[in-house]
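To start, the structure itself, in structure tokens.
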Amino acid sequence: MPIKYARRLSGRKRSTETNRHLGFALAFVAGATNAGAYLAVKLYTSHMTGMVSSMADNIVLGNGDLALGAFGGVSFFLAGAATTAVMVNFARRRHLHSEFAFPLLLEAFLLLSFGLLGAQLSTINGVFVPVTVMLLCFMMGLQNAVITKLSNAVIRTTHLTGIITDMGIELGKLFYWNRHTLEAEEDVVADRDRLRVLATLTLSFFGGGLFGALGFKVIGYALTVPLALLLVLLAVVPAIDDLRGYLYKVARKRAAGRLD
């Protein structure tokens, strides 16, 4: 991946194009993670609507443990999104290049940790499922908040309900037959560019799901390694820029101290 392109993908300076490209890549990661998570714990950990519905159902049915587990999943997704907001605002106040890169690097670390510890945790009865669900929900909240903040809520990557709804709206406009009964009426026109973006996000998530399901089936938890590596590639250049800037400031202070 070219350095300049990687810098634009998750750096401070944003454009519509880089927002979309990063969204496509993160949709792929989310689809793969979600599919792998389902094979591991039989839950889709980015699906907060299902989590909240499960919590309500299990409260009524008297399944306290399951209701508590669903509550934990929602809480950790919320905590992940809040963590992204804290990290982005911290970096923004300090004019760092990596305001959007930091949460992605944290997600890469957590994803790799899940892969390394998954096999060991899976042997411990009663521990693996809740710990895994909390971790994966936190990661999904972390990631979804990143793309939400940098695109001003235009792009989502961890769930498709809104994306497919918007696709349906644009398709309805596309196939609408404009018959004018009044001269002042405007044509109903689909936003073809937006439709392409929505379709690409959907295909990226689906492609990631295929990759995740097949990868988890074939190599198990080692699947997290290429996914974590992809996140690192997306985020590492702005982080290195900030590190170099910090080291330069430290060197200048030391040099000024020696001159004094």
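Each chain in the structure tokens gets a letter, A, B and so on, in the order shown; residues start at 1 in every chain, and ligands are counted from 1 in the order they appear.
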Could you produce a table of the residues of stretch 138-242 of chain A lying within 8 Å of stretch 82-89 of chain A, with the nearest pair of atoms per residue and their separation in Å rounded to one decimal, using only C-alpha atoms, ordered by chain and increasing residue number, as a Markdown table?
```
| residue | atom | partner | partner_atom | distance |
| --- | --- | --- | --- | --- |
| A:Leu142 | CA | A:Thr84 | CA | 5.5 |
| A:Gln143 | CA | A:Thr84 | CA | 7.8 |
| A:Ala145 | CA | A:Thr84 | CA | 6.2 |
| A:Val146 | CA | A:Thr84 | CA | 6.3 |
```
Non-local contacts of A:Arg194 (12 Å; only C-alpha atoms; under 3 positions in same chain excluded) as number ranges by chain: A: 16, 20, 154-155, 163-164, 166-171, 174, 189-191, 197-201
What are the nearest atom pairs, with distances in Å to one decimal, for all residues of stretch 137-190 of chain A that come at most 9 Å from stretch 23-40 of chain A, using only C-alpha atoms, set out by chain and rising residue number as a tab-separated table?
```
residue	atom	partner	partner_atom	distance
A:Met140	CA	A:Ala30	CA	7.3
A:Gln143	CA	A:Leu26	CA	7.7
A:Asn144	CA	A:Leu26	CA	8.7
A:Ile147	CA	A:Gly23	CA	6.6
A:Ser151	CA	A:Gly23	CA	9.0
A:Ile155	CA	A:Gly23	CA	6.7
A:Arg156	CA	A:Gly23	CA	7.3
A:Thr157	CA	A:Ala27	CA	4.4
A:Thr158	CA	A:Ala30	CA	5.4
A:His159	CA	A:Ala30	CA	8.3
```
Export of the given selection (all heavy atoms) as a PDB file, in the first residue's frame:
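Saved file again-v5.pdb follows:
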```pdb
ATOM      1  N   MET A 140     -16.573  -3.921  17.775  1.00  0.00           N
ATOM      2  CA  MET A 140     -17.515  -3.437  16.777  1.00  0.00           C
ATOM      3  C   MET A 140     -17.976  -2.004  17.089  1.00  0.00           C
ATOM      4  O   MET A 140     -18.138  -1.175  16.194  1.00  0.00           O
ATOM      5  CB  MET A 140     -18.723  -4.369  16.681  1.00  0.00           C
ATOM      6  CG  MET A 140     -18.428  -5.732  16.074  1.00  0.00           C
ATOM      7  SD  MET A 140     -17.934  -5.665  14.323  1.00  0.00           S
ATOM      8  CE  MET A 140     -16.137  -5.692  14.471  1.00  0.00           C
ATOM      9  N   GLN A 143     -15.065   0.306  16.136  1.00  0.00           N
ATOM     10  CA  GLN A 143     -14.922   0.505  14.693  1.00  0.00           C
ATOM     11  C   GLN A 143     -16.056   1.342  14.119  1.00  0.00           C
ATOM     12  O   GLN A 143     -15.835   2.251  13.314  1.00  0.00           O
ATOM     13  CB  GLN A 143     -14.865  -0.834  13.974  1.00  0.00           C
ATOM     14  CG  GLN A 143     -14.802  -0.684  12.456  1.00  0.00           C
ATOM     15  CD  GLN A 143     -14.757  -1.999  11.728  1.00  0.00           C
ATOM     16  OE1 GLN A 143     -13.929  -2.852  12.009  1.00  0.00           O
ATOM     17  NE2 GLN A 143     -15.664  -2.185  10.777  1.00  0.00           N
ATOM     18  N   ASN A 144     -17.276   1.055  14.524  1.00  0.00           N
ATOM     19  CA  ASN A 144     -18.405   1.772  13.938  1.00  0.00           C
ATOM     20  C   ASN A 144     -18.362   3.256  14.290  1.00  0.00           C
ATOM     21  O   ASN A 144     -18.736   4.109  13.481  1.00  0.00           O
ATOM     22  CB  ASN A 144     -19.729   1.161  14.414  1.00  0.00           C
ATOM     23  CG  ASN A 144     -20.856   1.437  13.437  1.00  0.00           C
ATOM     24  OD1 ASN A 144     -20.709   1.299  12.236  1.00  0.00           O
ATOM     25  ND2 ASN A 144     -21.998   1.848  13.968  1.00  0.00           N
ATOM     26  N   ILE A 147     -15.772   5.225  11.809  1.00  0.00           N
ATOM     27  CA  ILE A 147     -16.265   5.598  10.489  1.00  0.00           C
ATOM     28  C   ILE A 147     -17.441   6.566  10.600  1.00  0.00           C
ATOM     29  O   ILE A 147     -17.650   7.411   9.727  1.00  0.00           O
ATOM     30  CB  ILE A 147     -16.653   4.338   9.671  1.00  0.00           C
ATOM     31  CG1 ILE A 147     -16.701   4.657   8.174  1.00  0.00           C
ATOM     32  CG2 ILE A 147     -17.942   3.742  10.164  1.00  0.00           C
ATOM     33  CD1 ILE A 147     -15.373   4.936   7.555  1.00  0.00           C
ATOM     34  N   SER A 151     -16.910  10.290   8.824  1.00  0.00           N
ATOM     35  CA  SER A 151     -17.787  10.539   7.668  1.00  0.00           C
ATOM     36  C   SER A 151     -19.009  11.366   8.039  1.00  0.00           C
ATOM     37  O   SER A 151     -19.915  11.534   7.212  1.00  0.00           O
ATOM     38  CB  SER A 151     -18.256   9.203   7.071  1.00  0.00           C
ATOM     39  OG  SER A 151     -19.166   8.542   7.939  1.00  0.00           O
ATOM     40  N   ILE A 155     -21.486   7.071   6.603  1.00  0.00           N
ATOM     41  CA  ILE A 155     -21.102   5.686   6.328  1.00  0.00           C
ATOM     42  C   ILE A 155     -21.176   4.870   7.609  1.00  0.00           C
ATOM     43  O   ILE A 155     -20.760   5.323   8.677  1.00  0.00           O
ATOM     44  CB  ILE A 155     -19.677   5.614   5.745  1.00  0.00           C
ATOM     45  CG1 ILE A 155     -19.594   6.387   4.432  1.00  0.00           C
ATOM     46  CG2 ILE A 155     -19.242   4.169   5.532  1.00  0.00           C
ATOM     47  CD1 ILE A 155     -18.194   6.482   3.864  1.00  0.00           C
ATOM     48  N   ARG A 156     -21.710   3.657   7.488  1.00  0.00           N
ATOM     49  CA  ARG A 156     -21.684   2.684   8.573  1.00  0.00           C
ATOM     50  C   ARG A 156     -21.004   1.418   8.047  1.00  0.00           C
ATOM     51  O   ARG A 156     -21.072   1.132   6.845  1.00  0.00           O
ATOM     52  CB  ARG A 156     -23.104   2.346   9.044  1.00  0.00           C
ATOM     53  CG  ARG A 156     -23.852   3.500   9.687  1.00  0.00           C
ATOM     54  CD  ARG A 156     -23.307   3.796  11.086  1.00  0.00           C
ATOM     55  NE  ARG A 156     -24.232   4.591  11.873  1.00  0.00           N
ATOM     56  CZ  ARG A 156     -24.323   5.916  11.812  1.00  0.00           C
ATOM     57  NH1 ARG A 156     -23.558   6.584  10.989  1.00  0.00           N
ATOM     58  NH2 ARG A 156     -25.183   6.569  12.565  1.00  0.00           N
ATOM     59  N   THR A 157     -20.380   0.649   8.945  1.00  0.00           N
ATOM     60  CA  THR A 157     -19.651  -0.528   8.458  1.00  0.00           C
ATOM     61  C   THR A 157     -19.979  -1.824   9.189  1.00  0.00           C
ATOM     62  O   THR A 157     -19.696  -2.896   8.666  1.00  0.00           O
ATOM     63  CB  THR A 157     -18.131  -0.308   8.570  1.00  0.00           C
ATOM     64  OG1 THR A 157     -17.775  -0.094   9.948  1.00  0.00           O
ATOM     65  CG2 THR A 157     -17.686   0.876   7.740  1.00  0.00           C
ATOM     66  N   THR A 158     -20.554  -1.766  10.375  1.00  0.00           N
ATOM     67  CA  THR A 158     -20.739  -2.998  11.136  1.00  0.00           C
ATOM     68  C   THR A 158     -22.137  -3.582  11.026  1.00  0.00           C
ATOM     69  O   THR A 158     -22.389  -4.656  11.556  1.00  0.00           O
ATOM     70  CB  THR A 158     -20.417  -2.766  12.631  1.00  0.00           C
ATOM     71  OG1 THR A 158     -21.330  -1.801  13.170  1.00  0.00           O
ATOM     72  CG2 THR A 158     -18.992  -2.275  12.811  1.00  0.00           C
ATOM     73  N   HIS A 159     -23.060  -2.893  10.378  1.00  0.00           N
ATOM     74  CA  HIS A 159     -24.409  -3.422  10.188  1.00  0.00           C
ATOM     75  C   HIS A 159     -24.972  -2.878   8.879  1.00  0.00           C
ATOM     76  O   HIS A 159     -24.554  -1.825   8.397  1.00  0.00           O
ATOM     77  CB  HIS A 159     -25.320  -3.060  11.364  1.00  0.00           C
ATOM     78  CG  HIS A 159     -25.375  -1.587  11.649  1.00  0.00           C
ATOM     79  ND1 HIS A 159     -24.437  -0.946  12.417  1.00  0.00           N
ATOM     80  CD2 HIS A 159     -26.249  -0.634  11.255  1.00  0.00           C
ATOM     81  CE1 HIS A 159     -24.739   0.337  12.494  1.00  0.00           C
ATOM     82  NE2 HIS A 159     -25.829   0.557  11.790  1.00  0.00           N
TER      83      HIS A 159
END
```
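Omitting A:Met55 and its sequence neighbours fewer than 5 positions away, and counting only C-alpha atoms, the residues within 10 Å are Thr49, Gly50, Val60, Leu61, Asn63, Gly64, Asp65, Leu66, Ala67, Leu68, Gly69, Ala70, Phe71, Gly72, Gly73 and Val74 of chain A.
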Could the residues in this selection be saved with all heavy atoms as an mmCIF file, in the first residue's frame?
```cif
data_model
loop_
_atom_site.group_PDB
_atom_site.id
_atom_site.type_symbol
_atom_site.label_atom_id
_atom_site.label_comp_id
_atom_site.auth_asym_id
_atom_site.auth_seq_id
_atom_site.Cartn_x
_atom_site.Cartn_y
_atom_site.Cartn_z
ATOM 1 N N THR A 49 -29.539 -4.448 17.639
ATOM 2 C CA THR A 49 -30.991 -4.607 17.646
ATOM 3 C C THR A 49 -31.366 -5.981 18.177
ATOM 4 O O THR A 49 -32.255 -6.126 19.030
ATOM 5 C CB THR A 49 -31.557 -4.427 16.224
ATOM 6 O OG1 THR A 49 -31.148 -3.173 15.702
ATOM 7 C CG2 THR A 49 -33.077 -4.509 16.240
ATOM 8 N N GLY A 50 -30.671 -7.001 17.681
ATOM 9 C CA GLY A 50 -30.922 -8.362 18.157
ATOM 10 C C GLY A 50 -30.563 -8.528 19.618
ATOM 11 O O GLY A 50 -31.246 -9.243 20.359
ATOM 12 N N VAL A 60 -38.452 -11.420 30.062
ATOM 13 C CA VAL A 60 -39.831 -11.907 30.167
ATOM 14 C C VAL A 60 -39.866 -13.411 30.425
ATOM 15 O O VAL A 60 -40.687 -13.912 31.213
ATOM 16 C CB VAL A 60 -40.618 -11.560 28.883
ATOM 17 C CG1 VAL A 60 -41.985 -12.232 28.883
ATOM 18 C CG2 VAL A 60 -40.765 -10.050 28.741
ATOM 19 N N LEU A 61 -38.969 -14.167 29.776
ATOM 20 C CA LEU A 61 -38.936 -15.626 29.922
ATOM 21 C C LEU A 61 -38.242 -16.081 31.200
ATOM 22 O O LEU A 61 -38.225 -17.275 31.502
ATOM 23 C CB LEU A 61 -38.236 -16.251 28.711
ATOM 24 C CG LEU A 61 -38.950 -16.067 27.363
ATOM 25 C CD1 LEU A 61 -38.078 -16.591 26.226
ATOM 26 C CD2 LEU A 61 -40.304 -16.773 27.372
ATOM 27 N N ASN A 63 -35.014 -15.877 31.856
ATOM 28 C CA ASN A 63 -33.642 -16.357 31.635
ATOM 29 C C ASN A 63 -32.656 -15.249 32.012
ATOM 30 O O ASN A 63 -32.153 -14.506 31.164
ATOM 31 C CB ASN A 63 -33.443 -16.760 30.169
ATOM 32 C CG ASN A 63 -34.381 -17.882 29.758
ATOM 33 O OD1 ASN A 63 -34.663 -18.788 30.547
ATOM 34 N ND2 ASN A 63 -34.873 -17.823 28.528
ATOM 35 N N GLY A 64 -32.409 -15.149 33.297
ATOM 36 C CA GLY A 64 -31.594 -14.046 33.804
ATOM 37 C C GLY A 64 -30.183 -14.016 33.248
ATOM 38 O O GLY A 64 -29.664 -12.944 32.919
ATOM 39 N N ASP A 65 -29.546 -15.182 33.133
ATOM 40 C CA ASP A 65 -28.165 -15.231 32.645
ATOM 41 C C ASP A 65 -28.067 -14.739 31.204
ATOM 42 O O ASP A 65 -27.156 -13.982 30.848
ATOM 43 C CB ASP A 65 -27.617 -16.660 32.743
ATOM 44 C CG ASP A 65 -27.407 -17.107 34.178
ATOM 45 O OD1 ASP A 65 -27.403 -16.229 35.075
ATOM 46 O OD2 ASP A 65 -27.253 -18.321 34.405
ATOM 47 N N LEU A 66 -29.023 -15.165 30.372
ATOM 48 C CA LEU A 66 -29.011 -14.741 28.970
ATOM 49 C C LEU A 66 -29.318 -13.253 28.827
ATOM 50 O O LEU A 66 -28.719 -12.562 27.995
ATOM 51 C CB LEU A 66 -30.010 -15.569 28.161
ATOM 52 C CG LEU A 66 -29.703 -17.070 28.040
ATOM 53 C CD1 LEU A 66 -30.816 -17.782 27.287
ATOM 54 C CD2 LEU A 66 -28.363 -17.289 27.350
ATOM 55 N N ALA A 67 -30.247 -12.769 29.645
ATOM 56 C CA ALA A 67 -30.570 -11.337 29.615
ATOM 57 C C ALA A 67 -29.366 -10.514 30.053
ATOM 58 O O ALA A 67 -29.052 -9.474 29.452
ATOM 59 C CB ALA A 67 -31.764 -11.045 30.514
ATOM 60 N N LEU A 68 -28.672 -10.995 31.081
ATOM 61 C CA LEU A 68 -27.484 -10.290 31.561
ATOM 62 C C LEU A 68 -26.374 -10.300 30.510
ATOM 63 O O LEU A 68 -25.668 -9.304 30.321
ATOM 64 C CB LEU A 68 -26.989 -10.930 32.857
ATOM 65 C CG LEU A 68 -25.859 -10.206 33.596
ATOM 66 C CD1 LEU A 68 -26.315 -8.803 34.005
ATOM 67 C CD2 LEU A 68 -25.427 -11.004 34.820
ATOM 68 N N GLY A 69 -26.255 -11.434 29.800
ATOM 69 C CA GLY A 69 -25.254 -11.522 28.737
ATOM 70 C C GLY A 69 -25.530 -10.541 27.615
ATOM 71 O O GLY A 69 -24.619 -9.889 27.094
ATOM 72 N N ALA A 70 -26.806 -10.416 27.234
ATOM 73 C CA ALA A 70 -27.178 -9.462 26.183
ATOM 74 C C ALA A 70 -26.925 -8.034 26.639
ATOM 75 O O ALA A 70 -26.430 -7.198 25.873
ATOM 76 C CB ALA A 70 -28.642 -9.649 25.802
ATOM 77 N N PHE A 71 -27.243 -7.757 27.894
ATOM 78 C CA PHE A 71 -26.980 -6.427 28.452
ATOM 79 C C PHE A 71 -25.479 -6.124 28.421
ATOM 80 O O PHE A 71 -25.065 -5.000 28.096
ATOM 81 C CB PHE A 71 -27.511 -6.341 29.881
ATOM 82 C CG PHE A 71 -27.162 -5.046 30.578
ATOM 83 C CD1 PHE A 71 -27.865 -3.887 30.280
ATOM 84 C CD2 PHE A 71 -26.143 -5.001 31.518
ATOM 85 C CE1 PHE A 71 -27.540 -2.690 30.908
ATOM 86 C CE2 PHE A 71 -25.827 -3.807 32.147
ATOM 87 C CZ PHE A 71 -26.522 -2.659 31.849
ATOM 88 N N GLY A 72 -24.671 -7.127 28.739
ATOM 89 C CA GLY A 72 -23.223 -6.939 28.690
ATOM 90 C C GLY A 72 -22.734 -6.642 27.291
ATOM 91 O O GLY A 72 -21.871 -5.784 27.085
ATOM 92 N N GLY A 73 -23.301 -7.331 26.289
ATOM 93 C CA GLY A 73 -22.913 -7.079 24.909
ATOM 94 C C GLY A 73 -23.222 -5.654 24.474
ATOM 95 O O GLY A 73 -22.395 -4.978 23.867
ATOM 96 N N VAL A 74 -24.428 -5.196 24.800
ATOM 97 C CA VAL A 74 -24.816 -3.825 24.451
ATOM 98 C C VAL A 74 -23.924 -2.820 25.179
ATOM 99 O O VAL A 74 -23.470 -1.820 24.597
ATOM 100 C CB VAL A 74 -26.298 -3.583 24.798
ATOM 101 C CG1 VAL A 74 -26.676 -2.116 24.587
ATOM 102 C CG2 VAL A 74 -27.199 -4.478 23.954
#
```
I'd like the contact shell of A:Gly118 - 12 Å cut-off, only C-alpha atoms, skipping same-chain residues fewer than 6 positions apart - returned as a CSV table (one decimal) with all heavy atoms, in the first residue's frame.
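The result, written out as out12.csv:
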```csv
chain,number,residue,atom,x,y,z
A,36,GLY,N,-16.9,-14.9,11.7
A,36,GLY,CA,-16.0,-15.7,12.5
A,36,GLY,C,-16.6,-15.8,14.0
A,36,GLY,O,-16.5,-16.8,14.6
A,37,ALA,N,-17.1,-14.7,14.4
A,37,ALA,CA,-17.7,-14.6,15.8
A,37,ALA,C,-18.9,-15.6,15.9
A,37,ALA,O,-19.1,-16.3,16.9
A,37,ALA,CB,-18.1,-13.2,16.2
A,40,ALA,N,-17.8,-19.0,16.3
A,40,ALA,CA,-17.2,-19.2,17.6
A,40,ALA,C,-18.2,-19.3,18.7
A,40,ALA,O,-18.2,-20.1,19.6
A,40,ALA,CB,-16.1,-18.2,17.9
A,41,VAL,N,-19.2,-18.3,18.7
A,41,VAL,CA,-20.1,-18.2,19.9
A,41,VAL,C,-21.5,-18.2,19.5
A,41,VAL,O,-22.4,-18.0,20.4
A,41,VAL,CB,-19.8,-16.9,20.7
A,41,VAL,CG1,-18.3,-16.9,21.2
A,41,VAL,CG2,-20.0,-15.7,19.8
A,110,LEU,N,-6.8,-5.8,19.9
A,110,LEU,CA,-7.9,-6.6,20.5
A,110,LEU,C,-8.2,-7.8,19.7
A,110,LEU,O,-8.5,-8.9,20.2
A,110,LEU,CB,-9.1,-5.8,20.8
A,110,LEU,CG,-8.9,-4.7,21.8
A,110,LEU,CD1,-10.2,-3.8,21.9
A,110,LEU,CD2,-8.6,-5.2,23.2
A,111,LEU,N,-8.3,-7.6,18.4
A,111,LEU,CA,-8.6,-8.7,17.4
A,111,LEU,C,-7.5,-9.8,17.5
A,111,LEU,O,-7.8,-11.0,17.5
A,111,LEU,CB,-8.8,-8.2,16.0
A,111,LEU,CG,-9.2,-9.2,14.9
A,111,LEU,CD1,-10.6,-9.7,15.3
A,111,LEU,CD2,-9.3,-8.5,13.6
A,112,LEU,N,-6.3,-9.4,17.5
A,112,LEU,CA,-5.2,-10.3,17.6
A,112,LEU,C,-5.2,-11.0,18.9
A,112,LEU,O,-4.9,-12.2,19.0
A,112,LEU,CB,-3.8,-9.6,17.4
A,112,LEU,CG,-2.6,-10.4,17.2
A,112,LEU,CD1,-2.8,-11.3,15.9
A,112,LEU,CD2,-1.4,-9.6,17.0
A,124,ILE,N,-12.4,-23.4,28.6
A,124,ILE,CA,-12.9,-23.1,30.0
A,124,ILE,C,-14.4,-22.9,30.0
A,124,ILE,O,-14.9,-21.9,29.4
A,124,ILE,CB,-12.3,-21.8,30.5
A,124,ILE,CG1,-10.7,-21.9,30.5
A,124,ILE,CG2,-12.7,-21.5,32.0
A,124,ILE,CD1,-10.0,-20.7,30.8
A,127,VAL,N,-16.8,-19.5,30.6
A,127,VAL,CA,-16.0,-18.3,30.5
A,127,VAL,C,-15.9,-17.8,29.1
A,127,VAL,O,-16.0,-16.6,28.8
A,127,VAL,CB,-14.6,-18.5,31.1
A,127,VAL,CG1,-13.7,-17.3,30.8
A,127,VAL,CG2,-14.7,-18.8,32.6
A,128,PHE,N,-15.7,-18.7,28.1
A,128,PHE,CA,-15.3,-18.3,26.7
A,128,PHE,C,-16.4,-17.5,26.1
A,128,PHE,O,-16.1,-16.4,25.5
A,128,PHE,CB,-15.1,-19.6,25.9
A,128,PHE,CG,-14.9,-19.3,24.4
A,128,PHE,CD1,-13.8,-18.6,24.0
A,128,PHE,CD2,-15.9,-19.8,23.5
A,128,PHE,CE1,-13.7,-18.4,22.6
A,128,PHE,CE2,-15.7,-19.5,22.2
A,128,PHE,CZ,-14.6,-18.8,21.7
A,129,VAL,N,-17.7,-17.9,26.1
A,129,VAL,CA,-18.7,-17.2,25.4
A,129,VAL,C,-18.9,-15.7,25.9
A,129,VAL,O,-18.8,-14.8,25.2
A,129,VAL,CB,-20.0,-17.9,25.4
A,129,VAL,CG1,-21.2,-17.1,24.9
A,129,VAL,CG2,-19.9,-19.2,24.6
A,131,VAL,N,-16.9,-13.7,27.7
A,131,VAL,CA,-15.7,-12.9,27.5
A,131,VAL,C,-15.6,-12.6,26.0
A,131,VAL,O,-15.3,-11.4,25.6
A,131,VAL,CB,-14.4,-13.6,28.0
A,131,VAL,CG1,-13.2,-12.9,27.6
A,131,VAL,CG2,-14.5,-13.8,29.5
A,132,THR,N,-15.8,-13.6,25.1
A,132,THR,CA,-15.6,-13.3,23.7
A,132,THR,C,-16.7,-12.3,23.2
A,132,THR,O,-16.4,-11.4,22.4
A,132,THR,CB,-15.8,-14.7,22.9
A,132,THR,OG1,-14.8,-15.6,23.4
A,132,THR,CG2,-15.6,-14.5,21.5
A,133,VAL,N,-17.9,-12.5,23.6
A,133,VAL,CA,-19.0,-11.6,23.2
A,133,VAL,C,-18.7,-10.2,23.6
A,133,VAL,O,-18.8,-9.2,22.8
A,133,VAL,CB,-20.3,-12.1,23.8
A,133,VAL,CG1,-21.4,-11.0,23.6
A,133,VAL,CG2,-20.8,-13.4,23.1
A,135,LEU,N,-15.8,-8.8,24.3
A,135,LEU,CA,-14.6,-8.3,23.5
A,135,LEU,C,-15.0,-7.9,22.1
A,135,LEU,O,-14.7,-6.8,21.6
A,135,LEU,CB,-13.5,-9.3,23.5
A,135,LEU,CG,-12.3,-9.0,22.7
A,135,LEU,CD1,-11.6,-7.8,23.2
A,135,LEU,CD2,-11.3,-10.2,22.7
A,136,LEU,N,-15.7,-8.8,21.4
A,136,LEU,CA,-16.1,-8.5,20.0
A,136,LEU,C,-17.1,-7.4,19.9
A,136,LEU,O,-17.0,-6.6,19.0
A,136,LEU,CB,-16.7,-9.8,19.4
A,136,LEU,CG,-15.7,-10.9,19.2
A,136,LEU,CD1,-16.4,-12.2,18.8
A,136,LEU,CD2,-14.6,-10.6,18.2
A,216,PHE,N,-12.3,-19.1,9.2
A,216,PHE,CA,-12.5,-19.7,10.6
A,216,PHE,C,-12.7,-21.2,10.5
A,216,PHE,O,-12.2,-21.9,11.3
A,216,PHE,CB,-13.6,-19.0,11.3
A,216,PHE,CG,-13.7,-19.3,12.8
A,216,PHE,CD1,-13.0,-18.5,13.7
A,216,PHE,CD2,-14.4,-20.4,13.3
A,216,PHE,CE1,-13.0,-18.8,15.0
A,216,PHE,CE2,-14.4,-20.7,14.6
A,216,PHE,CZ,-13.7,-19.9,15.5
A,220,GLY,N,-9.2,-21.6,11.8
A,220,GLY,CA,-9.7,-21.2,13.1
A,220,GLY,C,-9.3,-19.8,13.5
A,220,GLY,O,-9.4,-18.9,12.8
A,221,TYR,N,-8.8,-19.7,14.8
A,221,TYR,CA,-8.5,-18.4,15.3
A,221,TYR,C,-7.4,-17.7,14.7
A,221,TYR,O,-7.2,-16.4,14.8
A,221,TYR,CB,-8.3,-18.5,16.8
A,221,TYR,CG,-9.5,-18.9,17.6
A,221,TYR,CD1,-9.6,-20.3,18.0
A,221,TYR,CD2,-10.5,-18.0,17.9
A,221,TYR,CE1,-10.8,-20.7,18.7
A,221,TYR,CE2,-11.6,-18.5,18.6
A,221,TYR,CZ,-11.7,-19.8,19.0
A,221,TYR,OH,-12.9,-20.2,19.6
A,222,ALA,N,-6.6,-18.4,13.9
A,222,ALA,CA,-5.5,-17.7,13.2
A,222,ALA,C,-6.0,-16.8,12.1
A,222,ALA,O,-5.2,-15.9,11.6
A,222,ALA,CB,-4.6,-18.8,12.5
A,223,LEU,N,-7.3,-16.8,11.8
A,223,LEU,CA,-7.9,-15.9,10.9
A,223,LEU,C,-7.7,-14.5,11.3
A,223,LEU,O,-7.7,-13.5,10.5
A,223,LEU,CB,-9.4,-16.2,10.7
A,223,LEU,CG,-10.3,-15.2,10.0
A,223,LEU,CD1,-9.9,-15.2,8.5
A,223,LEU,CD2,-11.7,-15.5,10.2
A,224,THR,N,-7.6,-14.3,12.6
A,224,THR,CA,-7.5,-12.9,13.2
A,224,THR,C,-6.2,-12.2,12.8
A,224,THR,O,-6.1,-11.0,12.8
A,224,THR,CB,-7.6,-12.9,14.7
A,224,THR,OG1,-6.6,-13.7,15.3
A,224,THR,CG2,-9.0,-13.4,15.1
```
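Reported to one decimal place, the separation of atom CA of A:Glu99 from atom CA of A:Gly11 is 7.1 Å.
Closest approach to A:Glu17 among A:Asp57, A:Asp187, A:Asp193, A:Glu107: A:Asp193, based on only C-alpha atoms.
Atom CA of A:Pro2 is found 27.9 Å from atom CA of A:Gly115.
Minimum atom-to-atom distances from A:Arg179, A:Tyr248, A:Arg196, A:Leu150 to A:Ser15 were compared using only C-alpha atoms, and the lowest value belongs to A:Leu150.
The closest residue to A:Ser46, picked from A:Thr202, A:Pro226, A:Met134, A:Arg252 and counting only C-alpha atoms, is A:Met134.
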For the atom pair atom CA of A:Lys149 and atom CA of A:Phe100, what is the interatomic distance in Å to one decimal place? 8.7 Å
